[in-house]
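Undergrad: Sharing final.txt below, compact mmCIF, C-alpha atoms and all ligand atoms:
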# COMPACT_ATOMS: atom_id res chain seq x y z
CA MET Q 870 77.39 23.18 50.02
CA ILE Q 871 79.82 23.93 52.86
CA LYS Q 872 81.00 27.52 53.33
CA GLN Q 873 83.19 29.31 55.83
CA ILE Q 874 81.91 32.73 56.85
CA ALA Q 875 83.92 35.23 58.87
CA VAL Q 876 81.61 37.21 61.14
CA LEU Q 877 82.87 40.59 62.37
CA PRO Q 878 80.10 41.99 64.61
CA GLY Q 879 81.96 45.21 65.49
CA ASP Q 880 80.45 47.84 67.79
CA GLY Q 881 77.11 49.30 68.87
CA ILE Q 882 74.20 47.54 67.19
CA GLY Q 883 76.67 45.53 65.05
CA PRO Q 884 76.60 42.49 67.37
CA GLU Q 885 72.79 42.64 67.65
CA VAL Q 886 72.12 42.61 63.90
CA THR Q 887 74.84 40.09 63.02
CA GLU Q 888 73.61 37.66 65.65
CA GLU Q 889 70.19 37.60 63.97
CA ALA Q 890 71.84 37.33 60.55
CA VAL Q 891 73.80 34.26 61.67
CA ARG Q 892 70.55 32.69 62.89
CA LEU Q 893 68.97 33.44 59.52
CA LEU Q 894 71.88 31.81 57.66
CA GLU Q 895 71.54 28.74 59.88
CA GLU Q 896 67.85 28.54 59.03
CA VAL Q 897 68.55 28.90 55.28
CA GLY Q 898 71.21 26.19 55.60
CA LYS Q 899 68.72 23.88 57.30
CA GLN Q 900 65.98 24.48 54.71
CA PHE Q 901 68.19 24.16 51.63
CA GLY Q 902 70.73 21.61 52.87
CA HIS Q 903 73.86 23.75 53.23
CA THR Q 904 76.39 24.01 56.04
CA PHE Q 905 77.58 27.47 56.96
CA GLN Q 906 80.48 27.53 59.41
CA PHE Q 907 81.09 30.75 61.31
CA GLN Q 908 84.30 32.20 62.65
CA PHE Q 909 83.91 35.29 64.80
CA ALA Q 910 86.56 37.99 64.95
CA ASP Q 911 86.99 41.52 66.29
CA ILE Q 912 87.08 44.71 64.28
CA GLY Q 913 86.69 48.40 65.14
CA GLY Q 914 86.38 49.76 68.66
CA CYS Q 915 86.08 46.39 70.40
CA ALA Q 916 89.30 45.29 68.67
CA LEU Q 917 91.01 48.54 69.71
CA ASP Q 918 90.07 47.92 73.34
CA LYS Q 919 91.38 44.35 73.30
CA THR Q 920 94.46 44.63 71.09
CA GLY Q 921 95.22 48.32 70.49
CA THR Q 922 94.51 48.07 66.76
CA PRO Q 923 91.15 48.29 64.92
CA LEU Q 924 92.09 45.42 62.57
CA PRO Q 925 94.16 42.77 64.36
CA GLU Q 926 96.31 40.50 62.17
CA GLU Q 927 94.29 37.51 63.43
CA THR Q 928 91.05 39.05 62.10
CA LEU Q 929 92.60 39.69 58.69
CA GLN Q 930 93.86 36.11 58.61
CA ILE Q 931 90.41 34.71 59.44
CA CYS Q 932 88.91 36.88 56.68
CA ARG Q 933 91.45 35.73 54.11
CA GLU Q 934 90.71 32.07 54.91
CA SER Q 935 86.93 32.53 54.60
CA ASP Q 936 84.59 32.26 51.63
CA ALA Q 937 82.77 35.46 52.61
CA ILE Q 938 82.74 38.08 55.36
CA LEU Q 939 79.73 39.44 57.24
CA LEU Q 940 80.29 42.71 59.08
CA GLY Q 941 78.00 44.59 61.47
CA ALA Q 942 79.23 48.15 62.00
CA VAL Q 943 82.12 49.88 63.70
CA GLY Q 944 82.58 53.04 65.73
CA GLY Q 945 81.06 54.96 68.59
CA PRO Q 946 81.58 58.01 70.80
CA LYS Q 947 84.04 56.14 73.02
CA TRP Q 948 86.66 56.08 70.23
CA ASP Q 949 85.81 59.34 68.45
CA HIS Q 950 88.74 61.34 69.76
CA GLY Q 951 91.68 59.06 69.05
CA PRO Q 952 94.22 59.73 66.27
CA GLY Q 953 93.40 58.55 62.71
CA GLU Q 954 94.92 55.08 62.87
CA LYS Q 955 93.32 54.52 66.30
CA ARG Q 956 89.81 55.09 64.93
CA PRO Q 957 87.49 52.10 64.45
CA GLU Q 958 86.83 53.18 60.83
CA ALA Q 959 90.54 52.77 60.02
CA GLY Q 960 90.03 49.02 60.52
CA LEU Q 961 87.37 48.95 57.85
CA LEU Q 962 89.43 50.96 55.34
CA LYS Q 963 92.42 48.70 55.97
CA LEU Q 964 90.31 45.57 55.45
CA ARG Q 965 88.90 46.87 52.14
CA LYS Q 966 92.38 47.75 50.91
CA ALA Q 967 94.03 44.51 52.12
CA LEU Q 968 91.44 42.37 50.35
CA GLN Q 969 91.36 44.60 47.22
CA LEU Q 970 87.62 45.09 47.51
CA TYR Q 971 87.40 47.50 44.60
CA ALA Q 972 83.73 47.13 43.63
CA ASN Q 973 81.14 48.44 46.08
CA LEU Q 974 77.58 47.31 45.34
CA ARG Q 975 74.75 49.38 46.80
CA PRO Q 976 71.30 48.19 45.80
CA VAL Q 977 68.24 50.32 46.45
CA ILE Q 978 64.95 48.49 46.59
CA VAL Q 979 61.78 50.37 47.39
CA PHE Q 980 59.55 47.96 49.24
CA PRO Q 981 55.91 48.64 48.30
CA ALA Q 982 54.92 48.31 51.96
CA LEU Q 983 57.34 51.12 52.89
CA VAL Q 984 56.60 53.55 50.06
CA ASN Q 985 55.21 56.07 52.51
CA ALA Q 986 58.49 56.19 54.46
CA SER Q 987 60.10 58.14 51.63
CA THR Q 988 59.65 61.84 50.97
CA LEU Q 989 59.07 61.23 47.25
CA LYS Q 990 55.69 60.54 45.68
CA PRO Q 991 54.62 56.87 45.61
CA GLU Q 992 54.12 56.97 41.81
CA VAL Q 993 57.75 58.08 41.33
CA LEU Q 994 59.02 55.28 43.58
CA GLU Q 995 56.91 52.47 42.25
CA GLY Q 996 59.00 49.48 41.23
CA VAL Q 997 62.34 51.09 41.99
CA ASN Q 998 65.01 48.39 42.13
CA LEU Q 999 68.42 49.67 41.18
CA MET Q 1000 72.04 48.82 41.86
CA ILE Q 1001 74.85 51.33 42.11
CA ILE Q 1002 78.36 49.98 41.62
CA ARG Q 1003 80.98 52.35 42.97
CA GLU Q 1004 84.72 52.01 42.38
CA LEU Q 1005 86.10 51.84 45.91
CA THR Q 1006 89.89 51.77 45.99
CA GLY Q 1007 91.02 54.43 43.50
CA GLY Q 1008 90.32 57.94 42.24
CA LEU Q 1009 90.28 61.18 44.18
CA TYR Q 1010 90.30 59.57 47.64
CA PHE Q 1011 93.66 57.87 47.13
CA GLY Q 1012 95.48 59.83 44.37
CA GLN Q 1013 98.87 61.47 45.01
CA PRO Q 1014 99.99 64.19 45.34
CA ARG Q 1015 97.64 65.78 47.81
CA GLY Q 1016 97.80 68.43 50.50
CA ARG Q 1017 98.36 72.14 51.10
CA LYS Q 1018 101.22 74.39 50.16
CA GLU Q 1019 102.13 78.06 50.20
CA THR Q 1020 102.46 79.58 46.73
CA ASP Q 1021 102.99 83.08 45.24
CA GLU Q 1022 99.20 83.36 45.16
CA GLY Q 1023 98.82 82.37 48.81
CA LEU Q 1024 97.69 79.07 50.25
CA ALA Q 1025 96.90 76.39 47.66
CA VAL Q 1026 95.65 72.84 47.91
CA VAL Q 1027 95.66 69.79 45.66
CA ASP Q 1028 93.85 66.43 45.44
CA THR Q 1029 94.57 64.08 42.56
CA LEU Q 1030 92.05 62.08 40.58
CA TYR Q 1031 94.18 59.18 39.39
CA TYR Q 1032 93.08 55.93 37.73
CA THR Q 1033 94.96 53.34 35.74
CA GLU Q 1034 93.17 51.89 32.74
CA ALA Q 1035 93.33 48.49 34.45
CA GLU Q 1036 91.49 49.83 37.53
CA ILE Q 1037 88.77 51.29 35.32
CA GLU Q 1038 88.49 48.14 33.28
CA ARG Q 1039 88.08 45.72 36.19
CA VAL Q 1040 85.23 47.63 37.83
CA LEU Q 1041 83.45 48.09 34.49
CA ARG Q 1042 83.80 44.39 33.77
CA LYS Q 1043 82.30 43.60 37.18
CA ALA Q 1044 79.43 46.00 36.40
CA PHE Q 1045 78.67 44.31 33.07
CA GLU Q 1046 78.67 40.93 34.81
CA ILE Q 1047 76.24 42.19 37.43
CA ALA Q 1048 74.02 43.92 34.85
CA ARG Q 1049 73.81 40.53 33.15
CA LEU Q 1050 72.32 39.03 36.32
CA ARG Q 1051 69.79 41.87 36.43
CA LYS Q 1052 67.78 43.58 33.66
CA LYS Q 1053 70.84 43.93 31.36
CA HIS Q 1054 70.77 47.72 31.33
CA LEU Q 1055 73.96 49.48 32.46
CA VAL Q 1056 74.25 53.24 32.91
CA SER Q 1057 77.88 54.38 33.15
CA VAL Q 1058 78.10 57.74 34.94
CA ASP Q 1059 80.97 60.15 34.27
CA LYS Q 1060 81.83 63.78 33.56
CA ALA Q 1061 83.36 63.20 30.13
CA ASN Q 1062 82.56 66.75 28.96
CA VAL Q 1063 85.12 68.09 31.47
CA LEU Q 1064 87.43 65.39 32.90
CA ASP Q 1065 90.15 63.39 31.15
CA SER Q 1066 89.69 60.56 33.64
CA SER Q 1067 86.03 60.41 32.59
CA ARG Q 1068 86.94 60.32 28.91
CA LEU Q 1069 89.14 57.25 29.48
CA TRP Q 1070 86.32 55.80 31.61
CA ARG Q 1071 83.84 56.26 28.75
CA GLU Q 1072 86.20 54.87 26.08
CA THR Q 1073 86.88 51.84 28.28
CA ALA Q 1074 83.17 51.27 28.87
CA ASP Q 1075 82.54 51.33 25.12
CA ARG Q 1076 85.40 48.91 24.48
CA ILE Q 1077 84.43 46.44 27.25
CA GLY Q 1078 80.79 46.79 26.22
CA LYS Q 1079 81.54 45.05 22.91
CA GLU Q 1080 82.20 41.88 24.90
CA TYR Q 1081 78.74 42.13 26.43
CA PRO Q 1082 76.43 42.67 23.44
CA ASP Q 1083 73.45 41.44 25.47
CA VAL Q 1084 73.83 44.34 27.94
CA LYS Q 1085 72.53 47.75 26.86
CA LEU Q 1086 75.14 50.38 27.75
CA GLU Q 1087 74.20 54.02 28.22
CA HIS Q 1088 76.43 56.95 29.28
CA MET Q 1089 75.13 59.68 31.55
CA LEU Q 1090 76.82 62.79 32.92
CA VAL Q 1091 76.96 62.82 36.70
CA ASP Q 1092 75.00 66.05 37.19
CA ASN Q 1093 72.20 64.70 35.02
CA ALA Q 1094 72.33 61.35 36.88
CA ALA Q 1095 71.85 63.20 40.17
CA MET Q 1096 68.67 64.80 38.78
CA GLN Q 1097 67.34 61.65 37.13
CA LEU Q 1098 67.66 59.64 40.35
CA ILE Q 1099 65.11 61.94 41.95
CA ARG Q 1100 63.00 62.70 38.88
CA ARG Q 1101 62.56 59.19 37.49
CA PRO Q 1102 64.49 56.57 39.52
CA GLY Q 1103 62.55 53.75 37.86
CA GLN Q 1104 64.59 54.22 34.65
CA PHE Q 1105 67.74 52.79 36.32
CA ASP Q 1106 68.70 49.14 36.59
CA THR Q 1107 72.49 48.93 37.07
CA VAL Q 1108 74.68 52.04 37.45
CA VAL Q 1109 78.48 52.11 37.52
CA THR Q 1110 80.72 55.04 38.40
CA GLU Q 1111 84.03 56.11 39.92
CA ASN Q 1112 84.73 56.51 43.63
CA MET Q 1113 83.57 60.04 44.51
CA PHE Q 1114 80.61 60.19 42.11
CA GLY Q 1115 79.56 56.81 43.52
CA ASP Q 1116 79.89 57.98 47.11
CA ILE Q 1117 77.51 60.85 46.49
CA LEU Q 1118 75.04 59.13 44.15
CA SER Q 1119 74.74 56.04 46.34
CA ASP Q 1120 73.83 58.14 49.38
CA GLU Q 1121 71.36 60.12 47.27
CA ALA Q 1122 69.78 56.93 45.94
CA ALA Q 1123 69.66 55.47 49.46
CA MET Q 1124 67.17 58.16 50.42
CA LEU Q 1125 64.67 56.72 47.91
CA SER Q 1126 64.14 53.77 50.22
CA GLY Q 1127 63.30 56.00 53.15
CA SER Q 1128 65.21 54.12 55.85
CA LEU Q 1129 68.83 53.51 56.71
CA GLY Q 1130 67.77 50.26 58.35
CA MET Q 1131 66.86 48.71 54.97
CA LEU Q 1132 70.05 49.23 52.94
CA PRO Q 1133 72.55 46.42 52.30
CA SER Q 1134 75.93 46.54 50.58
CA ALA Q 1135 78.64 44.27 49.21
CA SER Q 1136 82.27 44.95 48.40
CA LEU Q 1137 83.87 42.54 45.95
CA SER Q 1138 87.31 41.73 44.59
CA ASP Q 1139 88.42 39.50 41.72
CA SER Q 1140 89.39 36.58 43.88
CA GLY Q 1141 89.05 36.08 47.60
CA PRO Q 1142 86.10 36.72 49.88
CA GLY Q 1143 83.49 39.43 49.41
CA LEU Q 1144 82.54 41.69 52.31
CA TYR Q 1145 78.85 42.12 53.15
CA GLU Q 1146 77.58 44.78 55.51
CA PRO Q 1147 74.60 47.04 56.15
CA VAL Q 1148 75.07 50.65 55.00
CA HIS Q 1149 74.18 52.06 58.40
CA GLY Q 1150 76.63 52.66 61.25
CA SER Q 1151 76.76 51.40 64.83
CA ALA Q 1152 73.79 53.54 65.99
CA PRO Q 1153 75.11 54.21 69.51
CA ASP Q 1154 71.83 55.95 70.40
CA ILE Q 1155 69.92 52.65 70.32
CA ALA Q 1156 72.74 50.13 70.93
CA GLY Q 1157 72.11 47.36 73.46
CA GLN Q 1158 68.35 47.98 73.55
CA ASN Q 1159 67.16 45.33 71.09
CA LEU Q 1160 65.67 48.12 68.91
CA ALA Q 1161 67.86 47.90 65.79
CA ASN Q 1162 66.37 46.96 62.45
CA PRO Q 1163 68.19 43.80 61.29
CA LEU Q 1164 66.72 43.85 57.75
CA ALA Q 1165 69.66 45.70 56.13
CA THR Q 1166 71.94 42.96 57.44
CA PHE Q 1167 69.53 40.25 56.27
CA LEU Q 1168 69.53 41.81 52.79
CA SER Q 1169 73.35 41.83 52.95
CA VAL Q 1170 73.22 38.10 53.70
CA ALA Q 1171 70.99 37.63 50.63
CA MET Q 1172 73.67 39.43 48.57
CA MET Q 1173 76.32 37.10 50.00
CA LEU Q 1174 74.32 34.04 48.96
CA LYS Q 1175 73.87 35.48 45.48
CA TYR Q 1176 77.26 37.02 44.69
CA SER Q 1177 79.70 34.86 46.66
CA PHE Q 1178 77.95 31.48 46.70
CA ASN Q 1179 75.78 31.64 43.57
CA LEU Q 1180 72.73 30.60 45.63
CA GLU Q 1181 70.12 32.63 43.77
CA GLN Q 1182 67.09 30.71 45.07
CA GLU Q 1183 68.20 30.97 48.68
CA ALA Q 1184 68.81 34.73 48.28
CA GLN Q 1185 65.34 35.17 46.84
CA ALA Q 1186 63.81 33.23 49.72
CA ILE Q 1187 65.23 35.81 52.14
CA GLU Q 1188 64.06 38.77 50.04
CA GLN Q 1189 60.60 37.25 49.69
CA ALA Q 1190 60.34 36.64 53.43
CA ILE Q 1191 61.22 40.29 54.10
CA HIS Q 1192 58.62 41.47 51.55
CA LYS Q 1193 55.94 39.35 53.22
CA VAL Q 1194 56.83 40.37 56.75
CA LEU Q 1195 56.54 44.03 55.74
CA GLU Q 1196 53.34 43.47 53.77
CA ASP Q 1197 51.83 41.86 56.85
CA GLY Q 1198 52.53 45.10 58.68
CA TYR Q 1199 55.43 44.07 60.92
CA ARG Q 1200 57.85 46.90 61.63
CA THR Q 1201 60.89 47.65 63.76
CA ARG Q 1202 60.83 50.97 65.60
CA ASP Q 1203 62.61 52.94 62.85
CA LEU Q 1204 59.91 51.90 60.33
CA ALA Q 1205 56.88 52.26 62.60
CA GLN Q 1206 54.54 55.25 62.50
CA GLU Q 1207 54.06 57.33 65.61
CA GLY Q 1208 52.19 55.24 68.19
CA GLU Q 1209 52.28 52.06 66.07
CA ARG Q 1210 53.34 48.79 67.68
CA TYR Q 1211 56.78 47.54 66.70
CA LEU Q 1212 58.98 44.45 67.00
CA THR Q 1213 62.35 44.17 68.70
CA THR Q 1214 65.46 43.09 66.78
CA THR Q 1215 65.14 39.50 67.95
CA GLU Q 1216 61.39 39.38 67.24
CA MET Q 1217 61.96 40.63 63.70
CA GLY Q 1218 64.66 38.00 63.23
CA GLU Q 1219 62.25 35.32 64.42
CA LYS Q 1220 59.49 36.55 62.04
CA VAL Q 1221 61.73 36.52 58.97
CA ARG Q 1222 63.02 33.04 59.79
CA ALA Q 1223 59.46 31.78 60.20
CA TYR Q 1224 58.20 33.06 56.79
P1 LIG Q 1301 74.27 55.52 62.11
O1 LIG Q 1301 73.95 54.89 60.81
O2 LIG Q 1301 74.92 54.66 63.11
O3 LIG Q 1301 72.94 56.12 62.77
C1 LIG Q 1301 72.18 57.17 62.19
C2 LIG Q 1301 70.74 57.13 62.75
O4 LIG Q 1301 70.05 56.03 62.17
C3 LIG Q 1301 70.69 56.91 64.25
O5 LIG Q 1301 69.61 57.62 64.79
C4 LIG Q 1301 70.44 55.43 64.40
O6 LIG Q 1301 69.76 55.08 65.56
C5 LIG Q 1301 69.62 55.13 63.15
N1 LIG Q 1301 69.89 53.76 62.67
C6 LIG Q 1301 70.99 53.34 62.00
N2 LIG Q 1301 70.92 52.03 61.74
C7 LIG Q 1301 69.75 51.61 62.25
C8 LIG Q 1301 69.10 50.34 62.31
N3 LIG Q 1301 69.64 49.23 61.78
N4 LIG Q 1301 67.90 50.27 62.92
C9 LIG Q 1301 67.33 51.35 63.46
N5 LIG Q 1301 67.89 52.57 63.44
C10 LIG Q 1301 69.08 52.70 62.84
O7 LIG Q 1301 75.17 56.79 61.77
P2 LIG Q 1301 75.90 57.82 62.77
O8 LIG Q 1301 75.03 58.07 63.94
O9 LIG Q 1301 76.31 58.92 61.91
O10 LIG Q 1301 77.22 57.07 63.24
C11 LIG Q 1301 77.33 56.35 64.45
C12 LIG Q 1301 78.68 55.63 64.47
O11 LIG Q 1301 78.73 54.66 63.42
C13 LIG Q 1301 79.86 56.56 64.25
O12 LIG Q 1301 80.92 56.16 65.09
C14 LIG Q 1301 80.22 56.35 62.80
O13 LIG Q 1301 81.57 56.62 62.54
C15 LIG Q 1301 79.91 54.88 62.62
N6 LIG Q 1301 79.61 54.48 61.24
C16 LIG Q 1301 80.07 53.25 60.85
C17 LIG Q 1301 79.79 52.76 59.60
C18 LIG Q 1301 80.24 51.39 59.27
O14 LIG Q 1301 80.62 50.63 60.15
N7 LIG Q 1301 80.22 51.01 58.04
C19 LIG Q 1301 79.03 53.54 58.62
C20 LIG Q 1301 78.54 54.79 59.13
C21 LIG Q 1301 78.84 55.23 60.40
MG MG Q 1302 79.03 58.33 51.74
Will you turn the file into structure tokens for me?

TA:
Amino acid sequence: MIKQIAVLPGDGIGPEVTEEAVRLLEEVGKQFGHTFQFQFADIGGCALDKTGTPLPEETLQICRESDAILLGAVGGPKWDHGPGEKRPEAGLLKLRKALQLYANLRPVIVFPALVNASTLKPEVLEGVNLMIIRELTGGLYFGQPRGRKETDEGLAVVDTLYYTEAEIERVLRKAFEIARLRKKHLVSVDKANVLDSSRLWRETADRIGKEYPDVKLEHMLVDNAAMQLIRRPGQFDTVVTENMFGDILSDEAAMLSGSLGMLPSASLSDSGPGLYEPVHGSAPDIAGQNLANPLATFLSVAMMLKYSFNLEQEAQAIEQAIHKVLEDGYRTRDLAQEGERYLTTTEMGEKVRAY
């Protein structure tokens, strides 16, 4: 198989973790007989410095022509005080919108070797392996009208939670497809006892669900879901929800794994390349020191192989290698206990490639 991958290293530790991820992809290609071709492009602060925009047209073009996109992270103190459109993060938002990446996949896997890194009890965390699918391009974060106005009752403010049925349907369909690749259990999270948008969400889930009789569909109210994620996270397999609920629940669920350095993500559209990136940011405090944990980016690469290229076996090989490396006690600094020896970014990359 020959695939074109756009690599957008970005800022801070972004270049450090993506460099190791590219090496890992090359190793997987060698072992399984695939050719991955890489095209590097700028995004975020480094793009701002070179071109005055956080997402140059050339970068967008390279992304559009690729089969998948690997991104490091963007941002840093250097660019924190510019106006909105001159912020590195604006590049990321523009890229998601331009490529219609409406489904954000955030898996949470609790690695047995890291169970002690979490604040929850090991018996609660045992076997946790869940996937949250968040709608990413609609809802409260984009709805119009919005803003402040003076009224007879004083200052007032409005945000609008707006979804078309088609937007709801496409993300639910994606969720059923993904649940099918997993344990075939889909929890749809809403607030149907209060919100009209949630009632349409629930009706649509029931309707689409008839096309997926092999997937067990369950509805859960968002406040209950927030409790259940902490009380008994092992009950979840695949979870789907709208933009804001997903923003909050995915960050909550992320804490189950105990480390920001272990969390991958994917953002998918209907056609065109998917975007794969670690959940963490550019970590300016450790940038350039070879201290970053590259495992979140490696897990993002595994998602790319699985969801964009249908290379299930290759994806599993990466996940297995990470499991083994951790079981054998290897850690980067963020995972190490006080006083424990740890590996650099490049050493961890080398270890995973060797397993
Ligand atoms: P951050 O995720 O960059 O860092 C938070 C803490 O976690 C820091 O102490 C950092 O050293 C540590 N950390 C993060 N990733 C790590 C890794 N792979 N290995 C070891 N330690 C790691 O979040 P923060 O500090 O809030 O933001 C820093 C910059 O990143 C900001 O400019 C922010 O806007 C940007 N950011 C970018 C994101 C993206 O590109 N998707 C997402 C979140 C933040
Ligand atoms: Mg968030």

Undergrad: Write out as a VMD selection string the residues lying within 8 Å of segment 1029-1043 of chain Q, counting only C-alpha atoms and excluding same-chain residues fewer than 6 positions away.

TA: chain Q and resid 971 to 972 1004 1007 to 1015 1066 1069 to 1070 1073 to 1074 1077 1109

Undergrad: With only C-alpha atoms and all ligand atoms counted, collect every polymer residue having an atom within 10 Å of ligand LIG 1301 (chain Q); state the result as a ChimeraX atom specification.

TA: /Q:878-883,885-886,912-914,940-949,956-958,960-962,1128-1132,1134,1146-1156,1159-1166,1201-1204,1214

Undergrad: Which of these residues is nearest to ligand MG 1302 (chain Q), using only C-alpha atoms and all ligand atoms: Q:Ser1136, Q:Arg1003, Q:Met1096, Q:Val1170?

TA: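 Between Q:Ser1136, Q:Arg1003, Q:Met1096, Q:Val1170, the residue approaching ligand MG 1302 (chain Q) most closely is Q:Arg1003.
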
Undergrad: Show me, as a list of chain:residue names, the residues that have an atom within 6 Å of His1054 of chain Q when counting only C-alpha atoms, minus same-chain residues fewer than 3 positions from it.

TA: Q:Val1084, Q:Lys1085, Q:Asp1106

Undergrad: Please, what distance in Å, to one decimal, runs between atom CA of Ile931 of chain Q and atom CA of Ala1044 of chain Q?

TA: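 According to the coordinates, atom CA of Ile931 of chain Q and atom CA of Ala1044 of chain Q are separated by 27.9 Å.
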
Undergrad: Between Q:Lys1052, Q:Arg1222, Q:Lys899, Q:His1192, which residue has the minimum interatomic distance to Val979 of chain Q, considering all atoms listed in the file?

TA: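 Looking at the shortest contact to Val979 of chain Q, the residue is Q:His1192.
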
Undergrad: Counting all atoms listed in the file, which of Q:Gln969, Q:Thr904, Q:Thr1107, Q:Asn1112 gets nearest to ligand MG 1302 (chain Q)?

TA: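 Between Q:Gln969, Q:Thr904, Q:Thr1107, Q:Asn1112, the residue approaching ligand MG 1302 (chain Q) most closely is Q:Asn1112.
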
Undergrad: Distance atom CA of Glu888 of chain Q-atom CA of Leu917 of chain Q, one decimal place?

TA: 20.9 Å

Undergrad: Could you list, as a list in words, all protein and nucleic acid residues with an atom at most 8 Å from ligand MG 1302 (chain Q), counting only C-alpha atoms and all ligand atoms?

TA: Asp1116, Ile1117, Ser1119 and Asp1120 of chain Q

Undergrad: Which residues are close to Asn1179 of chain Q, i.e. within 12 Å by all atoms listed in the file, leaving aside same-chain residues fewer than 4 positions away? Reply as a compact mmCIF listing (two decimals) with C-alpha atoms, in the coordinates of the input.

TA:
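The result, written out as out.txt:
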# COMPACT_ATOMS: atom_id res chain seq x y z
CA MET Q 870 77.39 23.18 50.02
CA LYS Q 872 81.00 27.52 53.33
CA ASP Q 936 84.59 32.26 51.63
CA LEU Q 1050 72.32 39.03 36.32
CA ALA Q 1171 70.99 37.63 50.63
CA MET Q 1172 73.67 39.43 48.57
CA MET Q 1173 76.32 37.10 50.00
CA LEU Q 1174 74.32 34.04 48.96
CA LYS Q 1175 73.87 35.48 45.48
CA GLU Q 1183 68.20 30.97 48.68
CA ALA Q 1184 68.81 34.73 48.28
CA GLN Q 1185 65.34 35.17 46.84
